[in-house]
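S.K.: Sharing run_6.cif below, mmCIF, C-alpha atoms and all ligand atoms:
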```
data_input
loop_
_atom_site.label_atom_id
_atom_site.label_comp_id
_atom_site.auth_asym_id
_atom_site.auth_seq_id
_atom_site.Cartn_x
_atom_site.Cartn_y
_atom_site.Cartn_z
CA MET A 13 -6.64 23.61 -29.84
CA ARG A 14 -9.23 22.19 -27.44
CA VAL A 15 -8.04 21.83 -23.85
CA ARG A 16 -9.44 20.81 -20.48
CA ARG A 17 -8.13 20.56 -16.96
CA CYS A 18 -7.14 17.12 -15.68
CA LYS A 19 -9.95 15.40 -13.80
CA VAL A 20 -8.54 15.32 -10.26
CA LEU A 21 -6.37 18.09 -8.90
CA TYR A 22 -5.60 19.52 -5.47
CA LEU A 23 -3.46 22.59 -4.97
CA GLU A 24 -1.37 22.85 -1.84
CA PRO A 25 0.28 26.04 -0.58
CA ARG A 26 3.57 25.02 0.99
CA GLU A 27 6.39 26.85 2.71
CA LYS A 28 9.84 25.88 1.50
CA ALA A 29 13.03 26.76 3.35
CA GLU A 30 16.01 27.25 1.05
CA PHE A 31 19.65 28.08 1.65
CA ASP A 32 20.26 31.79 1.15
CA LEU A 33 23.81 33.12 1.10
CA GLU A 34 22.66 36.74 1.36
CA SER A 35 20.80 36.01 4.57
CA LEU A 36 23.93 34.32 5.96
CA LEU A 37 26.20 37.22 4.99
CA ALA A 38 23.73 39.65 6.58
CA GLY A 39 24.07 37.78 9.88
CA GLY A 40 20.87 35.74 9.47
CA ASN A 41 20.49 31.97 9.72
CA GLY A 42 21.18 31.42 6.02
CA MET A 43 17.66 30.24 5.29
CA ARG A 44 15.00 31.88 3.17
CA HIS A 45 11.35 30.86 3.61
CA GLY A 46 9.24 31.09 0.50
CA GLN A 47 5.62 30.25 -0.29
CA HIS A 48 5.02 27.87 -3.17
CA TRP A 49 2.06 26.15 -4.80
CA PHE A 50 2.12 22.44 -5.56
CA ALA A 51 -0.33 20.62 -7.80
CA LEU A 52 -1.28 17.12 -6.64
CA ALA A 53 -2.77 15.36 -9.64
CA PRO A 54 -2.97 11.58 -9.13
CA HIS A 55 -2.82 10.68 -12.83
CA LEU A 56 0.75 12.02 -12.82
CA GLY A 57 1.86 10.41 -9.57
CA GLU A 58 4.33 13.13 -8.67
CA GLU A 59 3.74 16.58 -7.26
CA ILE A 60 4.37 19.51 -9.55
CA GLU A 61 5.14 23.10 -8.61
CA VAL A 62 3.03 25.75 -10.36
CA ASP A 63 3.32 29.52 -10.47
CA SER A 64 0.50 31.95 -9.79
CA ALA A 65 -0.48 32.35 -13.48
CA GLU A 66 -0.69 28.56 -13.87
CA ARG A 67 -2.61 28.25 -10.62
CA ASP A 68 -5.15 30.87 -11.79
CA LEU A 69 -5.62 29.18 -15.14
CA LEU A 70 -6.24 25.82 -13.42
CA GLY A 71 -9.10 27.55 -11.61
CA ILE A 72 -10.64 28.74 -14.88
CA LEU A 73 -10.50 25.65 -17.10
CA SER A 74 -13.24 23.07 -16.79
CA PRO A 75 -12.20 19.47 -16.17
CA ASP A 76 -15.20 18.23 -18.16
CA GLU A 77 -15.99 20.77 -20.92
CA TRP A 78 -13.37 21.32 -23.63
CA THR A 79 -12.27 24.95 -24.06
CA ASP A 80 -10.94 26.42 -27.30
CA SER A 81 -7.49 27.76 -26.31
CA ARG A 82 -7.95 30.72 -28.69
CA GLN A 83 -10.51 32.10 -26.26
CA LEU A 84 -7.83 32.52 -23.58
CA SER A 85 -5.99 35.80 -22.98
CA ASP A 86 -2.38 36.26 -24.12
CA ASP A 87 -1.21 36.07 -20.50
CA ALA A 88 -2.97 32.74 -20.07
CA SER A 89 -1.40 31.30 -23.24
CA ALA A 90 2.08 31.11 -21.71
CA ALA A 91 0.70 29.42 -18.60
CA LEU A 92 -1.33 27.04 -20.79
CA LYS A 93 1.81 25.92 -22.61
CA CYS A 94 3.49 25.07 -19.30
CA LEU A 95 0.42 23.29 -17.93
CA LEU A 96 0.09 21.18 -21.08
CA LYS A 97 3.74 20.17 -20.75
CA LYS A 98 3.25 19.32 -17.09
CA GLY A 99 0.10 17.30 -17.86
CA LEU A 100 -2.14 19.33 -15.55
CA VAL A 101 -4.10 20.47 -18.60
CA VAL A 102 -4.70 18.01 -21.40
CA GLY A 103 -5.00 18.80 -25.09
CA ALA A 104 -7.32 17.02 -27.50
CA GLY A 105 -4.62 16.66 -30.18
CA LYS A 106 -2.19 13.84 -31.02
CA ARG A 107 0.74 15.67 -29.45
CA HIS A 108 -0.81 15.41 -26.00
CA ALA A 109 -2.05 11.84 -26.33
CA ALA A 110 0.25 10.23 -23.72
CA LEU A 111 -0.64 12.53 -20.82
CA ARG A 112 -4.30 12.67 -21.90
CA GLU A 113 -4.40 8.88 -21.73
CA ARG A 114 -3.19 8.93 -18.10
CA ASP A 115 -5.97 11.37 -17.27
CA GLU A 116 -8.49 9.25 -19.14
CA THR A 117 -7.36 6.12 -17.30
CA LEU A 118 -7.98 7.90 -14.00
CA ARG A 119 -11.42 9.03 -15.18
CA SER A 120 -12.31 5.49 -16.21
CA VAL A 121 -11.45 3.94 -12.82
CA TYR A 122 -13.94 6.07 -10.79
CA TRP A 123 -11.69 6.91 -7.86
CA HIS A 124 -13.04 9.17 -5.16
CA PRO A 125 -10.79 12.22 -5.74
CA LEU A 126 -9.41 12.44 -2.19
CA SER A 127 -8.70 8.70 -2.07
CA ALA A 128 -6.96 8.85 -5.46
CA THR A 129 -4.76 11.66 -4.21
CA ALA A 130 -3.86 9.95 -0.93
CA HIS A 131 -3.14 6.72 -2.81
CA ALA A 132 -0.93 8.41 -5.41
CA PHE A 133 1.07 10.57 -3.03
CA THR A 134 1.78 8.18 -0.18
CA ARG A 135 3.77 5.77 -2.34
CA TRP A 136 7.46 5.23 -1.53
CA HIS A 137 10.33 4.81 -4.00
CA ASP A 138 13.32 3.90 -1.86
CA ALA A 139 12.38 4.27 1.78
CA ASP A 140 14.54 2.57 4.41
CA ALA A 141 12.31 2.04 7.46
CA VAL A 142 15.20 0.60 9.49
CA GLN A 143 17.47 3.56 8.90
CA ALA A 144 14.55 5.90 9.69
CA THR A 145 14.20 4.46 13.20
CA LYS A 146 17.99 4.66 13.67
CA ASN A 147 18.00 8.29 12.58
CA THR A 148 15.26 9.20 15.02
CA GLY A 149 16.69 7.09 17.86
CA THR A 150 13.45 5.08 18.07
CA GLU A 151 14.60 1.49 17.45
CA THR A 152 13.20 0.03 20.67
CA ALA A 153 9.98 0.62 22.60
CA GLY A 154 12.06 2.12 25.42
CA GLU A 155 13.66 4.59 23.02
CA LEU A 156 10.24 5.42 21.54
CA ARG A 157 9.00 6.38 25.01
CA GLU A 158 12.16 8.37 25.63
CA VAL A 159 11.98 10.33 22.37
CA LEU A 160 8.22 10.76 21.97
CA GLY A 161 7.10 10.97 25.58
CA ALA A 162 4.30 8.81 26.95
CA PRO A 163 1.71 7.50 24.45
CA PRO A 164 -2.04 7.84 25.01
CA VAL A 165 -3.22 5.26 27.56
CA GLU A 166 -3.21 1.59 26.43
CA ALA A 167 -6.86 0.85 27.34
CA LEU A 168 -9.51 3.51 27.55
CA ASP A 169 -11.62 4.12 30.68
CA ARG A 170 -15.02 5.59 29.91
CA GLY A 171 -17.10 6.51 32.92
CA ASP A 172 -17.20 5.22 36.47
CA SER A 173 -15.35 1.91 36.86
CA GLY A 174 -17.96 0.90 39.48
CA GLN A 175 -20.58 0.91 36.72
CA ARG A 176 -18.69 -1.59 34.57
CA ILE A 177 -20.48 -4.79 33.59
CA VAL A 178 -17.66 -7.31 33.85
CA LEU A 179 -18.16 -10.14 31.35
CA PRO A 180 -17.54 -13.81 32.11
CA ARG A 181 -14.31 -15.37 30.88
CA THR A 182 -14.60 -18.71 29.11
CA ALA A 183 -12.48 -21.83 29.24
CA ARG A 184 -9.83 -21.86 26.53
CA THR A 185 -10.57 -24.00 23.50
CA ASP A 186 -8.26 -25.14 20.70
CA PHE A 187 -9.24 -22.03 18.82
CA ASP A 188 -8.03 -19.85 21.70
CA GLN A 189 -4.74 -21.76 21.66
CA LEU A 190 -4.42 -21.08 17.98
CA LEU A 191 -5.10 -17.38 18.48
CA ALA A 192 -2.58 -17.26 21.31
CA ARG A 193 0.14 -18.76 19.10
CA ARG A 194 -0.34 -16.11 16.42
CA ALA A 195 2.48 -13.60 16.55
CA THR A 196 4.15 -11.51 13.91
CA CYS A 197 7.24 -13.40 12.78
CA ARG A 198 10.50 -11.51 12.39
CA ASN A 199 12.80 -14.55 12.46
CA PHE A 200 12.47 -16.83 9.46
CA ASP A 201 14.59 -19.91 8.90
CA ALA A 202 15.57 -19.27 5.30
CA GLU A 203 17.74 -22.41 5.27
CA LYS A 204 14.77 -24.74 5.72
CA PRO A 205 12.72 -24.99 2.52
CA LEU A 206 8.96 -24.80 2.73
CA PRO A 207 7.36 -28.02 1.40
CA TYR A 208 5.40 -27.53 -1.81
CA ALA A 209 2.22 -29.08 -0.34
CA LEU A 210 2.24 -26.77 2.68
CA PHE A 211 2.76 -23.74 0.46
CA ALA A 212 -0.11 -24.84 -1.80
CA GLN A 213 -2.36 -25.47 1.21
CA LEU A 214 -1.84 -21.96 2.56
CA MET A 215 -2.40 -20.33 -0.82
CA GLU A 216 -5.60 -22.32 -1.25
CA ARG A 217 -6.91 -21.51 2.22
CA VAL A 218 -6.22 -17.81 2.09
CA PHE A 219 -6.26 -16.65 -1.51
CA SER A 220 -8.17 -19.14 -3.63
CA ALA A 221 -11.78 -18.91 -4.70
CA GLN A 222 -13.75 -21.51 -2.76
CA SER A 223 -16.67 -21.26 -5.18
CA HIS A 224 -18.41 -18.71 -7.34
CA VAL A 225 -21.75 -17.27 -8.40
CA ARG A 226 -22.23 -16.53 -12.10
CA VAL A 227 -24.62 -13.64 -12.66
CA SER A 228 -24.19 -13.52 -16.44
CA ASP A 229 -21.65 -14.52 -19.08
CA ASP A 230 -19.26 -11.77 -18.04
CA THR A 231 -20.14 -11.18 -14.38
CA VAL A 232 -18.92 -13.55 -11.70
CA PHE A 233 -18.67 -13.17 -7.93
CA LEU A 234 -16.24 -15.31 -5.98
CA LYS A 235 -16.50 -16.81 -2.53
CA LYS A 236 -13.28 -16.80 -0.47
CA THR A 237 -12.41 -17.46 3.17
CA SER A 238 -12.15 -13.73 3.95
CA PRO A 239 -14.92 -11.16 3.55
CA SER A 240 -14.80 -8.59 0.76
CA GLY A 241 -16.68 -5.31 0.23
CA GLY A 242 -19.41 -5.93 -2.33
CA GLY A 243 -18.16 -9.52 -2.71
CA LEU A 244 -15.84 -8.22 -5.42
CA HIS A 245 -12.58 -9.64 -4.04
CA PRO A 246 -10.44 -7.06 -5.81
CA ILE A 247 -7.17 -7.95 -4.03
CA GLU A 248 -4.73 -9.98 -6.10
CA ALA A 249 -1.83 -11.95 -4.65
CA TYR A 250 1.55 -11.39 -6.32
CA LEU A 251 4.36 -13.52 -4.95
CA ILE A 252 8.06 -13.22 -4.35
CA VAL A 253 8.95 -16.87 -3.81
CA GLN A 254 12.37 -17.48 -2.29
CA GLY A 255 12.23 -20.74 -0.39
CA VAL A 256 9.60 -23.23 -1.58
CA GLU A 257 10.57 -26.76 -2.60
CA GLY A 258 9.93 -27.32 -6.29
CA VAL A 259 9.20 -23.66 -7.08
CA VAL A 260 11.89 -21.73 -8.92
CA PRO A 261 12.64 -18.59 -6.90
CA GLY A 262 11.09 -15.63 -8.66
CA LEU A 263 8.00 -13.54 -9.22
CA TYR A 264 4.55 -15.03 -9.68
CA HIS A 265 0.91 -14.08 -9.87
CA TYR A 266 -1.50 -16.40 -8.10
CA HIS A 267 -4.63 -17.27 -10.09
CA SER A 268 -7.37 -17.62 -7.51
CA ILE A 269 -9.75 -19.76 -9.57
CA ALA A 270 -7.17 -22.04 -11.23
CA HIS A 271 -5.25 -22.24 -7.88
CA ALA A 272 -2.14 -21.83 -9.97
CA LEU A 273 1.08 -19.87 -10.10
CA GLU A 274 1.61 -17.70 -13.14
CA PRO A 275 5.37 -17.11 -13.63
CA LEU A 276 6.27 -13.47 -14.34
CA PRO A 277 9.41 -11.97 -15.89
CA ALA A 278 12.46 -11.80 -13.61
CA PRO A 279 12.98 -8.45 -11.88
CA ASP A 280 15.65 -5.99 -13.01
CA ARG A 281 17.73 -6.72 -9.89
CA PRO A 282 18.56 -9.79 -7.78
CA LEU A 283 15.46 -11.24 -6.13
CA GLN A 284 16.79 -10.71 -2.59
CA GLU A 285 17.45 -7.07 -3.34
CA LEU A 286 13.89 -6.63 -4.57
CA ALA A 287 12.63 -8.42 -1.46
CA MET A 288 14.54 -5.99 0.76
CA ALA A 289 13.35 -2.93 -1.17
CA ALA A 290 9.80 -4.30 -1.08
CA VAL A 291 9.69 -4.20 2.73
CA ALA A 292 11.62 -0.93 3.00
CA GLU A 293 14.82 -2.72 4.07
CA GLN A 294 13.22 -4.53 7.03
CA HIS A 295 15.65 -7.47 6.80
CA TRP A 296 13.62 -9.45 9.37
CA PHE A 297 10.80 -9.77 6.80
CA ALA A 298 12.81 -9.95 3.56
CA ASN A 299 13.93 -13.58 3.89
CA ALA A 300 10.45 -15.08 4.33
CA HIS A 301 9.97 -18.19 2.21
CA VAL A 302 7.01 -16.52 0.49
CA MET A 303 6.18 -12.84 0.32
CA VAL A 304 2.70 -11.95 -0.89
CA LEU A 305 2.06 -8.51 -2.30
CA LEU A 306 -1.59 -7.61 -1.69
CA ALA A 307 -2.42 -5.67 -4.83
CA PRO A 308 -5.98 -4.40 -5.14
CA ARG A 309 -7.58 -4.02 -8.54
CA TYR A 310 -9.23 -0.69 -7.83
CA ASP A 311 -10.97 -0.75 -11.20
CA ARG A 312 -12.93 -3.85 -10.09
CA SER A 313 -13.90 -2.40 -6.72
CA PHE A 314 -14.81 1.03 -8.08
CA TRP A 315 -16.81 -0.52 -10.93
CA LYS A 316 -19.49 -0.84 -8.26
CA TYR A 317 -18.43 1.87 -5.78
CA ARG A 318 -18.08 4.74 -8.24
CA ASN A 319 -16.45 7.90 -6.84
CA HIS A 320 -17.47 6.50 -3.47
CA ALA A 321 -16.10 8.05 -0.26
CA LYS A 322 -15.77 4.66 1.48
CA ALA A 323 -14.56 2.47 -1.37
CA HIS A 324 -10.82 2.81 -0.76
CA ARG A 325 -11.37 2.22 2.95
CA ALA A 326 -13.22 -1.01 2.17
CA VAL A 327 -10.29 -2.28 0.11
CA ILE A 328 -7.79 -1.49 2.87
CA LEU A 329 -9.97 -3.26 5.44
CA GLU A 330 -10.15 -6.26 3.17
CA ALA A 331 -6.36 -6.52 3.13
CA GLY A 332 -6.48 -6.75 6.92
CA HIS A 333 -8.92 -9.65 6.72
CA LEU A 334 -6.71 -11.52 4.26
CA SER A 335 -3.74 -10.93 6.49
CA GLN A 336 -5.47 -12.31 9.58
CA THR A 337 -6.65 -15.36 7.65
CA LEU A 338 -3.05 -15.87 6.56
CA TYR A 339 -1.68 -15.41 10.10
CA LEU A 340 -4.12 -17.99 11.48
CA SER A 341 -3.73 -20.44 8.60
CA ALA A 342 0.05 -20.26 8.92
CA THR A 343 -0.09 -20.69 12.69
CA GLU A 344 -2.38 -23.71 12.36
CA ALA A 345 0.06 -25.25 9.86
CA GLY A 346 3.01 -24.74 12.24
CA LEU A 347 4.28 -21.81 10.17
CA ALA A 348 4.59 -18.12 10.91
CA ALA A 349 3.46 -14.96 9.15
CA TYR A 350 3.62 -11.18 9.10
CA ILE A 351 2.13 -8.13 7.46
CA THR A 352 3.66 -4.75 6.73
CA CYS A 353 2.47 -1.68 4.89
CA ALA A 354 5.92 -0.08 5.18
CA ILE A 355 6.60 -0.99 1.57
CA ASN A 356 8.23 0.67 -1.41
CA GLU A 357 5.32 0.67 -3.81
CA VAL A 358 7.14 2.06 -6.84
CA PRO A 359 9.70 -0.76 -7.35
CA LEU A 360 6.92 -3.28 -6.68
CA GLU A 361 4.71 -1.69 -9.33
CA GLN A 362 7.65 -1.89 -11.73
CA ALA A 363 8.52 -5.50 -10.87
CA PHE A 364 4.94 -6.74 -11.21
CA ALA A 365 3.92 -4.36 -14.05
CA LEU A 366 1.11 -2.73 -12.09
CA ASP A 367 -0.39 0.62 -13.01
CA PRO A 368 -1.12 2.37 -9.69
CA ILE A 369 -4.22 4.04 -11.12
CA SER A 370 -6.06 0.82 -11.81
CA SER A 371 -4.32 -1.41 -9.30
CA GLY A 372 -1.61 -0.92 -6.75
CA ALA A 373 0.65 -2.21 -4.03
CA LEU A 374 -1.08 -2.04 -0.66
CA ALA A 375 0.75 -4.29 1.79
CA ILE A 376 3.06 -7.28 1.97
CA CYS A 377 2.38 -10.43 3.93
CA GLY A 378 4.94 -13.14 4.34
CA PHE A 379 4.98 -16.68 5.62
CA GLY A 380 7.34 -19.58 6.19
CA TRP A 381 9.20 -21.47 8.90
CA ARG A 382 10.04 -19.57 12.06
CA GLY A 383 13.72 -19.85 13.03
CA GLU A 384 15.12 -21.43 16.17
CA GLU A 385 16.53 -18.23 17.55
CA MET A 386 14.86 -14.88 18.21
CA VAL A 387 17.33 -12.45 16.68
CA THR A 388 14.77 -9.74 16.02
CA MET A 389 12.20 -8.98 18.69
CA GLU A 390 8.80 -10.69 18.52
CA LEU A 391 5.91 -9.92 20.84
CA ASP A 392 5.39 -13.07 22.88
CA PRO A 393 4.99 -11.96 26.49
CA ASP A 394 3.44 -15.25 27.63
CA GLY A 395 6.06 -17.44 25.98
CA GLU A 396 3.46 -19.12 23.76
CA ILE A 397 5.89 -19.47 20.89
CA TRP A 398 9.39 -19.05 22.17
CA HIS A 399 8.84 -20.61 25.61
CA THR A 400 11.27 -18.05 26.95
CA GLU A 401 10.89 -14.69 28.55
CA THR A 402 10.46 -11.88 26.05
CA PRO A 403 13.64 -9.80 25.93
CA THR A 404 13.33 -6.16 26.92
CA LEU A 405 11.28 -4.30 24.33
C1 LIG B 1 -1.08 -2.99 9.23
C2 LIG B 1 0.12 -3.50 9.97
C3 LIG B 1 1.39 -3.08 9.60
C4 LIG B 1 2.51 -3.57 10.26
N1 LIG B 1 3.75 -3.15 9.85
C5 LIG B 1 4.84 -3.63 10.45
C6 LIG B 1 6.13 -3.24 10.03
O1 LIG B 1 6.31 -2.44 9.13
N2 LIG B 1 7.20 -3.79 10.64
C7 LIG B 1 7.09 -4.69 11.66
O2 LIG B 1 8.11 -5.16 12.16
N3 LIG B 1 5.86 -5.09 12.08
C8 LIG B 1 4.75 -4.58 11.51
N4 LIG B 1 3.50 -4.99 11.91
C9 LIG B 1 3.39 -5.96 12.99
C10 LIG B 1 3.09 -5.28 14.30
O3 LIG B 1 4.24 -4.64 14.76
C11 LIG B 1 2.60 -6.33 15.28
O4 LIG B 1 1.34 -6.79 14.86
C12 LIG B 1 2.47 -5.77 16.69
O5 LIG B 1 3.73 -5.46 17.22
C13 LIG B 1 1.77 -6.76 17.60
O6 LIG B 1 2.48 -7.99 17.62
P1 LIG B 1 1.77 -9.36 17.22
O7 LIG B 1 1.30 -9.26 15.81
O8 LIG B 1 2.85 -10.38 17.37
O9 LIG B 1 0.64 -9.54 18.17
C14 LIG B 1 2.36 -4.50 11.30
C15 LIG B 1 1.09 -4.93 11.67
C16 LIG B 1 -0.02 -4.44 11.01
C17 LIG B 1 -1.39 -4.93 11.40
#
```
Here is the file; what I need is its structure written in the form of structure tokens.
M.R.:
Amino acid sequence: MRVRRCKVLYLEPREKAEFDLESLLAGGNGMRHGQHWFALAPHLGEEIEVDSAERDLLGILSPDEWTDSRQLSDDASAALKCLLKKGLVVGAGKRHAALRERDETLRSVYWHPLSATAHAFTRWHDADAVQATKNTGTETAGELREVLGAPPVEALDRGDSGQRIVLPRTARTDFDQLLARRATCRNFDAEKPLPYALFAQLMERVFSAQSHVRVSDDTVFLKKTSPSGGGLHPIEAYLIVQGVEGVVPGLYHYHSIAHALEPLPAPDRPLQELAMAAVAEQHWFANAHVMVLLAPRYDRSFWKYRNHAKAHRAVILEAGHLSQTLYLSATEAGLAAYITCAINEVPLEQAFALDPISSGALAICGFGWRGEEMVTMELDPDGEIWHTETPTL
């Protein structure tokens, strides 16, 4: 059989502490520390422990040239069997088609190997960000300071303050007022439906193609209101709509050229539950009228930036631009917005049928009406929004 190593693979030596009765009975602390090797192969999406024979074989097999397995030693044959089962080595035959296809998909998308690995292994399944802050006693800024000590200084001094060139301050314009009224919203009024026209206006401003340039029959570049690395605009908007007049609550994909909603199959759980899981149980975000999953199509971006060290960074930066355009557009329309990257990618990938190799779940933005009462803290020290003093952080 012809075999080759999967395309991208990092091996991590890791110490694992395990309960050990013998150590406890001998008067020790009941823990045994052992050294283990873990394979991080992004086409599989989950880390896999390997033993020393498997690790050695992974170092011998080429990821590009096929090797005839009959050339391997008897010792290596046992390890090969395990590695084929685990998908770290792929076989050319029919039996190994499914795992080989995952590897081939990864090869075809042109990820930079380190970016692919970080992307694959920083995804969450069922994280609860709220419980995490409770567990660590870091729910408020005061508690953060208490638990973590003082943070690095809030504004950096470089050099002699006497040498500073102090810049003139300008009179505030309407644009400054708009910027001042932008604040992350954690208090949505879920009872008040968002008018259809306002929803459509925001989607058009932030996510639609304003125009396009056709290079050839099959190659088109879009112009949008936010910048995009290479002009490729790889980030798609997938929606969880919960409170828009005239739109059935559910999952949608937004078509940026047609300026249209594409209804998607209902999720496998109630919509509100998916919304909560999506934002890692941050209830202050989960009842936004519209939640927008920013889902990059990495295959489009990396079509140009092949195996490029900066390509993933460019996509992440682009999400920030879209988010700021959304914040400002929402603020201008009298609405409120947020962004979070504390998201459970895995249920989102399942709900929206996204393959994390070629696309992915990067961040969630939300928008809608701000409520009347600040139940969850918002940062508004000058009272621009709430016209009240900010409660203690
Ligand atoms: C990339 C990014 C991720 C964020 N994630 C969260 C989050 O998970 N939960 C949250 O409550 N706020 C989140 N925020 C909002 C910040 O907490 C907020 O921007 C910050 O406190 C400053 O407040 P302001 O946006 O009102 O100026 C995030 C902001 C950014 C830019």
S.K.: Check every protein, DNA and RNA residue against ligand LIG 1 (chain B), keep those with an atom at most 7 Å away (counting only C-alpha atoms and all ligand atoms), and present them as a PyMOL selection string.
M.R.: chain A and resi 194-196+198+332+350-354+390-392
S.K.: Which residues of region 129-165 of chain A sit at most 7 Å from region 42-61 of chain A, using all atoms listed in the file? Give each one's shortest atom pair and distance in Å (one decimal place), in chain and ascending residue order, as CSV.
M.R.:
```
residue,atom,partner,partner_atom,distance
A:Thr129,CA,A:Pro54,CA,5.2
A:Ala132,CA,A:Pro54,CA,5.3
A:Phe133,CA,A:Gly57,CA,6.6
```
S.K.: Point out the residue among A:Cys197, A:Ala326, A:Ile269, A:Val20 with the least atom-to-atom distance to Phe297 (chain A), counting all atoms listed in the file.
M.R.: A:Cys197
S.K.: Identify which of the residues A:Glu151, A:Asp63, A:Asp140, A:Glu330 lies closest to Pro239 (chain A), counting only C-alpha atoms when measuring atom-to-atom distances.
M.R.: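 Answer, going by the shortest atom-to-atom distance: A:Glu330.
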S.K.: May I have the residues within 10 Å of region 262-268 of chain A as number ranges by chain, using only C-alpha atoms and disregarding those fewer than 6 positions away in the same chain?
M.R.: A: 215-216, 218-222, 234, 236, 248-255, 274-279, 282-284, 303-305, 363-364
S.K.: Can you work out which one of A:Val259, A:Val142, A:Glu158, A:Ile328 has the shortest atom-to-atom distance to Ala289 (chain A), counting all atoms listed in the file?
M.R.: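 Nearest candidate to Ala289 (chain A) out of A:Val259, A:Val142, A:Glu158, A:Ile328: A:Val142.
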S.K.: If you count all atoms listed in the file, which residues fall within 7 Å of Tyr208 (chain A), apart from same-chain ones fewer than 6 positions away, as a PDB file with C-alpha atoms, in the frame of the given file?
M.R.:
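Result went into around22.pdb, see below:
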```
ATOM      1  CA  VAL A 256       9.600 -23.230  -1.580  1.00  0.00           C
ATOM      2  CA  GLU A 257      10.570 -26.760  -2.600  1.00  0.00           C
ATOM      3  CA  GLY A 258       9.930 -27.320  -6.290  1.00  0.00           C
TER       4      GLY A 258
END
```
S.K.: Looking at only C-alpha atoms, which of A:Arg281, A:Arg382, A:Arg184, A:Arg17 is the one that sits closest to Ile72 (chain A)?
M.R.: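 Closest to Ile72 (chain A), using only C-alpha atoms: A:Arg17.
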S.K.: Would you mind reading off the distance between CA of Gln294 (chain A) and CA of Asn199 (chain A), one decimal, in Å?
M.R.: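 We find that CA of Gln294 (chain A) and CA of Asn199 (chain A) lie 11.4 Å from each other.
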S.K.: What does the distance from CA of Gln83 (chain A) to CA of Met13 (chain A) come to in Å, to one decimal?
M.R.: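 So the answer is 10.0 Å.
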S.K.: Which is closer to Ser370 (chain A) than all the others in A:Gln213, A:Thr148, A:Ser120, A:Thr185, using all atoms listed in the file?
M.R.: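 Ranking A:Gln213, A:Thr148, A:Ser120, A:Thr185 by distance to Ser370 (chain A), first place goes to A:Ser120.
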S.K.: Compare A:Ser371, A:Val260, A:Tyr22, A:Leu190 by their minimum atom-to-atom distance to Ala130 (chain A), counting only C-alpha atoms, and give me the closest one.
M.R.: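 Smallest separation from Ala130 (chain A) among the options: A:Tyr22.
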S.K.: I'd like the contact shell of Leu244 (chain A) - 10 Å cut-off, all atoms listed in the file, skipping same-chain residues fewer than 4 positions apart - returned as JSON, numbers by chain.
M.R.: {"A": [232, 233, 234, 235, 239, 240, 309, 312, 313, 314, 315, 316, 327]}
S.K.: Name all residues at most 12 Å from Thr343 (chain A) (count all atoms listed in the file; drop same-chain ones fewer than 2 positions away) and give them as a ChimeraX atom specification.
M.R.: /A:187,189-197,210,214,336-341,345-350,379-382,396-397
S.K.: Give me, please, the distance in Å between CA of Tyr310 (chain A) and CA of Trp123 (chain A), quoted to one decimal.
M.R.: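 These two atoms are separated by 8.0 Å.
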S.K.: Set the distance at 12 Å and use all atoms listed in the file: which residues neighbour Thr79 (chain A) once local chain neighbours fewer than 5 positions away are removed? I'd like the list as a PyMOL selection string.
M.R.: chain A and resi 13-17+69+72-74+84+92+101-104
